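Chemist: Contents are mmCIF, C-alpha atoms; file name work-v8.cif:
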data_work
#
loop_
_atom_site.label_atom_id
_atom_site.label_comp_id
_atom_site.auth_asym_id
_atom_site.auth_seq_id
_atom_site.Cartn_x
_atom_site.Cartn_y
_atom_site.Cartn_z
CA MET W 1 -122.42 -16.56 22.68
CA LYS W 2 -121.19 -18.95 19.98
CA LEU W 3 -118.17 -16.71 19.38
CA TYR W 4 -117.41 -16.76 23.12
CA PHE W 5 -117.38 -20.56 23.28
CA LYS W 6 -115.27 -20.77 20.14
CA ILE W 7 -112.63 -18.49 21.59
CA LEU W 8 -112.72 -20.35 24.89
CA SER W 9 -112.22 -23.70 23.10
CA MET W 10 -109.17 -22.38 21.23
CA VAL W 11 -107.64 -21.09 24.45
CA LEU W 12 -108.13 -24.48 26.12
CA VAL W 13 -106.54 -26.34 23.18
CA ILE W 14 -103.55 -24.01 23.12
CA GLY W 15 -103.15 -24.43 26.86
CA ILE W 16 -103.26 -28.21 26.65
CA LEU W 17 -100.77 -28.31 23.78
CA GLY W 18 -98.49 -25.93 25.62
CA SER W 19 -98.56 -28.10 28.72
CA CYS W 20 -97.61 -31.19 26.62
CA LYS W 21 -94.59 -29.55 24.98
CA PRO W 22 -91.46 -31.51 25.99
CA ASP W 23 -88.79 -29.83 28.01
CA THR W 24 -85.84 -30.13 25.65
CA ASN W 25 -83.49 -29.11 28.42
CA ASN W 26 -84.32 -32.30 30.32
CA LEU W 27 -84.44 -34.82 27.46
CA LEU W 28 -80.96 -36.19 28.20
CA SER W 29 -81.13 -35.74 31.95
CA GLY W 30 -79.68 -38.81 33.61
CA ASN W 31 -78.93 -40.49 30.26
CA GLU W 32 -76.03 -38.42 29.01
CA ASP W 33 -73.63 -41.38 28.77
CA SER W 34 -75.94 -43.30 26.47
CA TYR W 35 -75.48 -40.56 23.86
CA SER W 36 -71.67 -40.52 24.11
CA ALA W 37 -69.26 -42.56 22.01
CA VAL W 38 -65.69 -42.91 20.75
CA TYR W 39 -65.08 -42.71 17.00
CA MET W 40 -62.48 -42.11 14.26
CA PRO W 41 -63.07 -38.64 12.76
CA GLN W 42 -61.69 -39.62 9.32
CA ALA W 43 -64.26 -42.42 9.11
CA VAL W 44 -66.96 -39.88 8.23
CA ASN W 45 -65.67 -40.09 4.64
CA LYS W 46 -66.23 -43.20 2.54
CA GLN W 47 -62.49 -43.16 1.83
CA ALA W 48 -59.64 -41.16 3.30
CA ILE W 49 -57.71 -40.57 0.08
CA TYR W 50 -53.96 -39.84 -0.04
CA THR W 51 -51.66 -39.59 -3.06
CA PHE W 52 -47.88 -39.28 -2.75
CA ASN W 53 -44.77 -39.38 -4.91
CA ILE W 54 -42.74 -42.57 -4.70
CA SER W 55 -39.49 -42.01 -2.82
CA ALA W 56 -37.20 -43.61 -0.26
CA GLN W 57 -38.50 -41.24 2.43
CA PRO W 58 -41.66 -42.23 4.34
CA GLU W 59 -44.79 -40.11 4.08
CA THR W 60 -47.05 -39.35 7.06
CA ILE W 61 -50.79 -39.65 7.60
CA ILE W 62 -52.31 -38.49 10.91
CA TYR W 63 -54.79 -40.74 12.71
CA GLY W 64 -56.47 -40.78 16.11
CA ALA W 65 -59.77 -41.16 17.95
CA ASN W 66 -62.30 -38.65 19.29
CA PHE W 67 -64.89 -38.59 22.07
CA GLY W 68 -68.29 -37.06 21.45
CA GLY W 69 -71.31 -36.56 23.70
CA PRO W 70 -73.39 -34.05 25.66
CA ASN W 71 -70.96 -34.08 28.59
CA SER W 72 -67.21 -34.36 29.00
CA ASN W 73 -65.79 -37.80 29.73
CA SER W 74 -65.16 -38.15 33.45
CA THR W 75 -62.39 -40.79 33.19
CA ASP W 76 -59.57 -41.70 30.83
CA ILE W 77 -60.72 -43.70 27.81
CA ASP W 78 -58.45 -46.40 26.39
CA VAL W 79 -58.41 -46.78 22.60
CA LYS W 80 -56.66 -49.46 20.55
CA PHE W 81 -55.91 -49.17 16.82
CA GLU W 82 -55.72 -52.23 14.61
CA PRO W 83 -55.39 -52.72 10.83
CA ASP W 84 -58.37 -54.91 9.94
CA LEU W 85 -57.23 -56.35 6.60
CA ALA W 86 -60.16 -58.75 6.37
CA LEU W 87 -62.38 -55.72 5.74
CA VAL W 88 -60.75 -55.12 2.34
CA ASN W 89 -62.79 -57.92 0.75
CA THR W 90 -65.92 -56.72 2.53
CA TYR W 91 -65.36 -53.17 1.30
CA ASN W 92 -64.69 -54.26 -2.29
CA ALA W 93 -67.79 -56.44 -2.38
CA ALA W 94 -69.98 -53.63 -1.03
CA ASN W 95 -68.58 -50.94 -3.32
CA PHE W 96 -67.87 -52.93 -6.51
CA THR W 97 -64.16 -52.13 -6.30
CA GLN W 98 -61.01 -54.26 -6.51
CA TYR W 99 -58.54 -52.46 -4.29
CA PRO W 100 -55.73 -54.67 -3.01
CA VAL W 101 -54.64 -54.54 0.62
CA MET W 102 -51.63 -52.38 1.49
CA PRO W 103 -48.52 -54.58 1.07
CA GLU W 104 -46.73 -55.85 4.14
CA GLY W 105 -43.93 -53.45 5.10
CA SER W 106 -45.50 -50.48 3.31
CA TYR W 107 -46.99 -48.91 6.45
CA LYS W 108 -46.36 -48.61 10.19
CA LEU W 109 -48.49 -47.28 13.05
CA GLU W 110 -46.71 -45.00 15.50
CA GLN W 111 -48.84 -46.49 18.29
CA THR W 112 -51.44 -49.22 18.51
CA SER W 113 -52.98 -47.78 21.68
CA ALA W 114 -53.69 -44.33 23.08
CA ILE W 115 -55.76 -42.53 25.72
CA ILE W 116 -58.42 -39.87 25.50
CA PRO W 117 -57.68 -38.15 28.82
CA SER W 118 -60.44 -37.28 31.27
CA GLY W 119 -62.10 -34.04 30.19
CA LYS W 120 -60.52 -34.14 26.72
CA THR W 121 -62.15 -34.93 23.38
CA SER W 122 -59.38 -36.73 21.48
CA THR W 123 -56.21 -38.74 21.62
CA ASN W 124 -52.96 -37.03 20.70
CA PRO W 125 -52.40 -36.95 16.91
CA LEU W 126 -50.64 -40.16 15.87
CA LYS W 127 -48.52 -40.83 12.78
CA LEU W 128 -49.15 -43.52 10.19
CA SER W 129 -45.94 -43.89 8.16
CA ILE W 130 -46.31 -44.86 4.51
CA TYR W 131 -43.30 -46.37 2.71
CA THR W 132 -44.14 -45.52 -0.87
CA ASP W 133 -41.19 -47.42 -2.33
CA LYS W 134 -42.84 -50.63 -1.07
CA LEU W 135 -45.97 -50.02 -3.14
CA ASP W 136 -45.86 -52.21 -6.23
CA GLY W 137 -47.51 -49.97 -8.80
CA VAL W 138 -49.25 -46.62 -9.14
CA GLY W 139 -52.76 -47.86 -8.30
CA ALA W 140 -54.58 -47.32 -5.01
CA TYR W 141 -54.21 -49.66 -2.02
CA LEU W 142 -56.68 -49.99 0.83
CA LEU W 143 -55.83 -50.00 4.55
CA PRO W 144 -58.81 -50.33 6.93
CA LEU W 145 -57.84 -49.07 10.40
CA SER W 146 -60.32 -49.88 13.18
CA ILE W 147 -60.58 -48.93 16.85
CA LYS W 148 -61.53 -50.82 19.99
CA SER W 149 -62.15 -49.23 23.37
CA ASN W 150 -63.26 -49.79 26.95
CA TYR W 151 -65.91 -47.17 26.14
CA ARG W 152 -68.81 -47.32 23.69
CA VAL W 153 -67.68 -47.06 20.03
CA LYS W 154 -69.82 -45.46 17.35
CA GLU W 155 -70.09 -48.48 15.03
CA ALA W 156 -70.55 -46.50 11.82
CA LEU W 157 -67.34 -44.59 12.59
CA ARG W 158 -65.26 -47.46 13.97
CA THR W 159 -63.12 -47.92 10.83
CA THR W 160 -61.26 -45.48 8.59
CA TYR W 161 -60.58 -46.74 5.06
CA PHE W 162 -57.27 -45.20 4.02
CA LEU W 163 -56.93 -45.30 0.22
CA VAL W 164 -53.28 -44.70 -0.62
CA SER W 165 -51.51 -44.40 -3.96
CA ALA W 166 -48.14 -43.07 -5.11
CA LYS W 167 -46.76 -41.91 -8.46
CA TYR W 168 -43.30 -42.05 -10.04
CA THR W 169 -41.65 -38.70 -10.71
CA SER W 170 -39.22 -40.45 -13.07
CA ASN W 171 -38.88 -43.99 -14.37
CA PRO W 172 -36.50 -46.03 -12.17
CA PHE W 173 -36.78 -49.21 -14.27
CA ALA W 174 -34.59 -50.37 -17.16
CA ASP W 175 -36.14 -51.66 -20.37
CA PHE W 176 -36.22 -55.44 -20.74
CA ASP W 177 -33.88 -57.16 -23.17
CA ARG W 178 -36.03 -57.93 -26.22
CA SER W 179 -33.65 -60.41 -27.90
CA ASN W 180 -35.77 -63.41 -26.84
CA TRP W 181 -39.11 -61.80 -27.64
CA SER W 182 -41.33 -63.30 -30.32
CA VAL W 183 -44.64 -62.21 -31.79
CA LEU W 184 -47.30 -64.74 -30.87
CA ALA W 185 -50.12 -63.05 -32.81
CA PHE W 186 -51.07 -59.73 -34.39
CA SER W 187 -54.04 -58.27 -36.22
CA SER W 188 -52.40 -57.15 -39.48
CA ASP W 189 -49.37 -55.35 -40.88
CA GLU W 190 -48.32 -53.61 -44.09
CA ASN W 191 -45.25 -53.38 -46.32
CA GLU W 192 -44.13 -49.76 -46.09
CA ASN W 193 -40.78 -50.46 -47.84
CA ALA W 194 -38.09 -48.17 -46.37
CA SER W 195 -40.32 -47.22 -43.43
CA GLY W 196 -40.90 -50.84 -42.49
CA GLY W 197 -44.55 -51.44 -41.78
CA ARG W 198 -44.10 -55.06 -40.75
CA ILE W 199 -44.78 -56.15 -37.19
CA GLN W 200 -41.07 -56.76 -36.44
CA HIS W 201 -40.36 -53.07 -37.00
CA ALA W 202 -41.97 -52.29 -33.63
CA PHE W 203 -39.02 -54.10 -32.01
CA ASP W 204 -36.02 -53.25 -34.20
CA GLY W 205 -34.59 -50.42 -32.06
CA ASN W 206 -35.20 -47.83 -34.78
CA VAL W 207 -37.82 -45.14 -34.14
CA ASN W 208 -37.79 -44.22 -37.85
CA THR W 209 -39.34 -47.56 -38.79
CA PHE W 210 -42.71 -48.70 -37.52
CA TRP W 211 -45.40 -51.36 -37.49
CA SER W 212 -48.44 -50.25 -39.48
CA THR W 213 -51.73 -52.09 -39.71
CA ALA W 214 -52.93 -52.91 -43.25
CA TRP W 215 -54.07 -50.11 -45.56
CA ARG W 216 -53.17 -51.08 -49.16
CA ASN W 217 -55.48 -53.92 -50.15
CA THR W 218 -57.64 -53.95 -47.05
CA LYS W 219 -58.38 -51.28 -44.47
CA PRO W 220 -59.34 -53.05 -41.25
CA GLY W 221 -60.43 -50.74 -38.48
CA PRO W 222 -59.82 -51.18 -34.77
CA PRO W 223 -59.39 -53.06 -32.59
CA HIS W 224 -55.80 -53.79 -33.64
CA PHE W 225 -53.53 -55.91 -31.46
CA VAL W 226 -50.17 -57.53 -30.96
CA THR W 227 -49.40 -60.38 -28.53
CA ILE W 228 -45.80 -60.89 -27.35
CA ASP W 229 -44.06 -63.89 -25.82
CA MET W 230 -41.09 -62.56 -23.82
CA GLY W 231 -39.61 -66.07 -23.59
CA THR W 232 -39.57 -66.05 -19.80
CA ALA W 233 -41.70 -64.65 -17.01
CA ARG W 234 -40.69 -61.18 -15.88
CA LYS W 235 -42.04 -58.74 -13.33
CA ILE W 236 -43.63 -56.04 -15.48
CA HIS W 237 -43.94 -52.52 -14.06
CA GLY W 238 -44.97 -50.86 -17.28
CA PHE W 239 -44.49 -50.21 -20.99
CA LYS W 240 -43.13 -47.64 -23.40
CA ILE W 241 -44.90 -47.00 -26.69
CA ALA W 242 -43.24 -44.79 -29.31
CA GLY W 243 -45.54 -43.53 -32.05
CA ARG W 244 -44.75 -42.97 -35.72
CA LEU W 245 -42.88 -39.73 -36.42
CA ASP W 246 -43.13 -37.18 -39.23
CA ASN W 247 -40.00 -35.01 -39.45
CA GLY W 248 -39.19 -35.81 -35.84
CA GLN W 249 -42.68 -35.00 -34.53
CA PRO W 250 -45.51 -37.39 -33.62
CA ARG W 251 -47.69 -38.09 -36.64
CA THR W 252 -51.07 -36.42 -36.15
CA THR W 253 -53.06 -39.47 -37.28
CA GLY W 254 -52.84 -43.16 -36.48
CA ASN W 255 -50.71 -43.32 -33.35
CA PRO W 256 -52.38 -45.32 -30.52
CA LYS W 257 -54.88 -43.47 -28.34
CA ASP W 258 -57.20 -45.80 -26.36
CA ILE W 259 -55.53 -49.09 -25.56
CA ILE W 260 -55.94 -52.16 -23.36
CA ILE W 261 -52.91 -53.84 -21.77
CA GLN W 262 -53.25 -57.50 -20.73
CA THR W 263 -50.73 -59.85 -19.13
CA GLY W 264 -50.72 -63.58 -18.50
CA ASN W 265 -48.65 -66.75 -18.45
CA ASP W 266 -50.01 -68.78 -21.38
CA GLY W 267 -50.78 -66.22 -24.09
CA ILE W 268 -54.48 -67.16 -24.00
CA ASN W 269 -55.87 -66.43 -20.56
CA TRP W 270 -55.20 -62.91 -19.34
CA THR W 271 -54.97 -62.48 -15.58
CA TYR W 272 -54.56 -58.71 -15.61
CA SER W 273 -56.11 -55.95 -17.73
CA GLN W 274 -55.69 -52.18 -17.70
CA ALA W 275 -57.21 -49.52 -19.92
CA VAL W 276 -55.05 -46.52 -20.84
CA SER W 277 -55.71 -43.37 -22.86
CA LEU W 278 -52.57 -41.97 -24.53
CA GLN W 279 -51.65 -38.49 -25.63
CA ASN W 280 -49.97 -38.15 -29.01
CA LEU W 281 -46.35 -38.10 -27.81
CA ALA W 282 -43.13 -39.24 -29.37
CA GLU W 283 -43.00 -41.82 -26.57
CA SER W 284 -45.53 -42.64 -23.85
CA THR W 285 -44.51 -44.26 -20.57
CA ILE W 286 -47.28 -46.37 -19.02
CA TYR W 287 -47.02 -47.62 -15.44
CA LEU W 288 -49.16 -50.58 -14.45
CA ASN W 289 -51.48 -49.88 -11.56
CA TYR W 290 -50.21 -53.10 -10.00
CA ALA W 291 -46.99 -54.74 -11.20
CA GLN W 292 -47.49 -58.19 -12.73
CA THR W 293 -45.24 -61.22 -13.13
CA ALA W 294 -46.01 -62.63 -16.58
CA ARG W 295 -44.44 -64.12 -19.68
CA TYR W 296 -46.96 -62.83 -22.22
CA PHE W 297 -48.58 -59.49 -22.85
CA LYS W 298 -51.11 -58.19 -25.33
CA ILE W 299 -51.59 -54.60 -26.50
CA THR W 300 -54.99 -53.88 -28.06
CA ILE W 301 -55.54 -50.52 -29.77
CA ASN W 302 -59.24 -49.64 -29.72
CA SER W 303 -58.80 -46.19 -31.23
CA SER W 304 -55.99 -44.13 -32.73
CA GLN W 305 -55.20 -40.42 -32.89
CA SER W 306 -57.71 -38.47 -35.02
CA ASP W 307 -59.85 -41.63 -34.96
CA ASN W 308 -58.03 -43.04 -37.95
CA TYR W 309 -58.91 -46.58 -39.05
CA LEU W 310 -55.29 -47.76 -38.87
CA THR W 311 -52.58 -47.56 -36.24
CA HIS W 312 -48.81 -47.70 -36.05
CA ILE W 313 -46.13 -48.18 -33.38
CA ALA W 314 -42.47 -47.28 -33.92
CA GLU W 315 -41.11 -49.02 -30.79
CA LEU W 316 -42.67 -51.13 -28.05
CA ASN W 317 -40.75 -51.80 -24.83
CA ALA W 318 -41.57 -53.22 -21.41
CA PHE W 319 -39.82 -52.56 -18.11
#
Once more with this new file: its structure as C-alpha cells, please.
Modeler:
Amino acid sequence: MKLYFKILSMVLVIGILGSCKPDTNNLLSGNEDSYSAVYMPQAVNKQAIYTFNISAQPETIIYGANFGGPNSNSTDIDVKFEPDLALVNTYNAANFTQYPVMPEGSYKLEQTSAIIPSGKTSTNPLKLSIYTDKLDGVGAYLLPLSIKSNYRVKEALRTTYFLVSAKYTSNPFADFDRSNWSVLAFSSDENENASGGRIQHAFDGNVNTFWSTAWRNTKPGPPHFVTIDMGTARKIHGFKIAGRLDNGQPRTTGNPKDIIIQTGNDGINWTYSQAVSLQNLAESTIYLNYAQTARYFKITINSSQSDNYLTHIAELNAF
C-alpha cells in the first residue's frame, strides 16, 4: 500500500511539473519587436584594428549597420552614421589608453545615412576612406563611429571604435641640419684617441668615430643619456642612431638596445616620451608614434647590446 501511494505521488508531481513547463514557442508571441534592434556588427569587438602602409592612395574600411530580431523588419529602417569624437576621451579613460583622435582630413565616410530595406538584415556595405599620408606618425589613432536610427538601437553595439595606424615603407624625411645643435647635458664620455669617444663624435658626420660612455677611470652603468638643443623648434618625425662598428659591422657589445626618447621645449620638462627597443644594426631608423614639434630632445639608454655596462653611438640624427 505504501509503495502504491509513493508511486502515485511521483506521478502527480511529474504531471504538475509537466503542466507548468513554459511553451518556448510562445514566449515571444506578440512581443517580437521588443527583441529586435539595429546595431553595428564591428562593434562586437573592443577595437576594430586596421594597419596600413603610408601612401598617397587612400585605403578602405567597410562599415554599415545590421538588423537583428526574431522576425524580419516590416518597413525600411533609416540609419545615420556619425563620427563621435568626444568618445575618444571616454574610451581612453575607461581603458587606460592615450589614443589621439583621427586627424581632420585623414578619413571620409562614403555616406552618413543609409537604409536597411524592408525584409533585409543590413545596409549596403559602405566605404570609409583612410588617407594614410595625413596621419602624423606610426602610432594608432582612434575613430569612434556611432549610429542613430528611427528604430531601436542596441546600445552596447551603437559605436564601432576604429583603431587605425600606418607604417612607412621607406623614410620620406630628410635629416635635420645639425650645424646649430649643441649638447645641453650628457651622462659621461671617454677619450678614445683616434676613435673619438667624446660626446661631440656622435655628431661629427663620421661613422668611424663615436661617443663612448666612461670606462677608463670609472665604469658607470646605465642609464646613460644625452640631451640636445637643436637651436630652434622643429617638427620631429623620428631619429637615426648609428652604432659603433668593428671592421664595418655593428659591434656586438655596447650599442644601444633599450632606449627612451623624450622631446620638449625647455630642455627640462618633457612633453613626449617613447620607449624603443633596438636591434644591433649599423643604423636604426626610429619613427615617433606621433610627430612632435620641439626644440630639445633627450636620448636615454637603459641597456646596451649584450647588457654591457657602457654604451656608444657613432652618429645621432633627427628628421
Chemist: Give me, as an MDAnalysis selection string, all polymer residues having an atom no more than 10 Å from Ser188 of chain W, counting all atoms listed in the file and skipping those fewer than 5 positions away in the same chain.
Modeler: chainID W and resid 197:199 211:215 218:220 224:226 310
Chemist: Ranking W:Phe210, W:Tyr272, W:Phe173, W:Tyr296 by minimum distance to Arg244 of chain W and counting only C-alpha atoms, which one comes first?
Modeler: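 Among the listed residues, W:Phe210 lies closest to Arg244 of chain W.
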Chemist: How would you write, as a VMD selection string, the residues chosen by the PyMOL selection byres ((chain W and resi 62) around 7) on this structure?
Modeler: chain W and resid 60 to 61 63 125 to 128
Chemist: Using only C-alpha atoms for the distances, tell me which of W:Ile313, W:Ile236, W:Ile268, W:Ile147 is nearest to Ala202 of chain W.
Modeler: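 For Ala202 of chain W, the nearest of the given residues is W:Ile313.
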Chemist: Considering all atoms listed in the file, state which residue in the set W:Pro222, W:Pro144, W:Gly139, W:Gly64 is at the smallest distance from Ser187 of chain W.
Modeler: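 Comparing W:Pro222, W:Pro144, W:Gly139, W:Gly64 against Ser187 of chain W, the winner is W:Pro222.
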Chemist: Which residue, W:Phe203, W:Phe297, W:Tyr141, W:Tyr151, has the smallest gap to Val88 of chain W when you use only C-alpha atoms?
Modeler: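 Once distances to Val88 of chain W are computed over only C-alpha atoms, the minimum belongs to W:Tyr141.
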Chemist: Output the residue selection produced by the PyMOL selection byres ((chain W and resi 91) around 12) on the file above, formatted as a PDB file with C-alpha atoms, in the coordinates of the input.
Modeler:
ATOM      1  CA  LYS W  46     -66.230 -43.200   2.540  1.00  0.00           C
ATOM      2  CA  GLN W  47     -62.490 -43.160   1.830  1.00  0.00           C
ATOM      3  CA  ASP W  84     -58.370 -54.910   9.940  1.00  0.00           C
ATOM      4  CA  LEU W  85     -57.230 -56.350   6.600  1.00  0.00           C
ATOM      5  CA  ALA W  86     -60.160 -58.750   6.370  1.00  0.00           C
ATOM      6  CA  LEU W  87     -62.380 -55.720   5.740  1.00  0.00           C
ATOM      7  CA  VAL W  88     -60.750 -55.120   2.340  1.00  0.00           C
ATOM      8  CA  ASN W  89     -62.790 -57.920   0.750  1.00  0.00           C
ATOM      9  CA  THR W  90     -65.920 -56.720   2.530  1.00  0.00           C
ATOM     10  CA  ASN W  92     -64.690 -54.260  -2.290  1.00  0.00           C
ATOM     11  CA  ALA W  93     -67.790 -56.440  -2.380  1.00  0.00           C
ATOM     12  CA  ALA W  94     -69.980 -53.630  -1.030  1.00  0.00           C
ATOM     13  CA  ASN W  95     -68.580 -50.940  -3.320  1.00  0.00           C
ATOM     14  CA  PHE W  96     -67.870 -52.930  -6.510  1.00  0.00           C
ATOM     15  CA  THR W  97     -64.160 -52.130  -6.300  1.00  0.00           C
ATOM     16  CA  GLN W  98     -61.010 -54.260  -6.510  1.00  0.00           C
ATOM     17  CA  TYR W  99     -58.540 -52.460  -4.290  1.00  0.00           C
ATOM     18  CA  PRO W 100     -55.730 -54.670  -3.010  1.00  0.00           C
ATOM     19  CA  VAL W 101     -54.640 -54.540   0.620  1.00  0.00           C
ATOM     20  CA  LEU W 142     -56.680 -49.990   0.830  1.00  0.00           C
ATOM     21  CA  LEU W 143     -55.830 -50.000   4.550  1.00  0.00           C
ATOM     22  CA  PRO W 144     -58.810 -50.330   6.930  1.00  0.00           C
ATOM     23  CA  THR W 159     -63.120 -47.920  10.830  1.00  0.00           C
ATOM     24  CA  THR W 160     -61.260 -45.480   8.590  1.00  0.00           C
ATOM     25  CA  TYR W 161     -60.580 -46.740   5.060  1.00  0.00           C
ATOM     26  CA  PHE W 162     -57.270 -45.200   4.020  1.00  0.00           C
ATOM     27  CA  LEU W 163     -56.930 -45.300   0.220  1.00  0.00           C
TER      28      LEU W 163
END
Chemist: I need the output of the PyMOL selection byres ((chain W and resi 273) around 6) for this file as a ChimeraX atom specification; which residues are they?
Modeler: /W:261-262,272,274
Chemist: Under the rule that all atoms listed in the file are counted, which of W:Asp76, W:Met102, W:Pro41, W:Pro70 is the nearest residue to Ser146 of chain W?
Modeler: W:Pro41
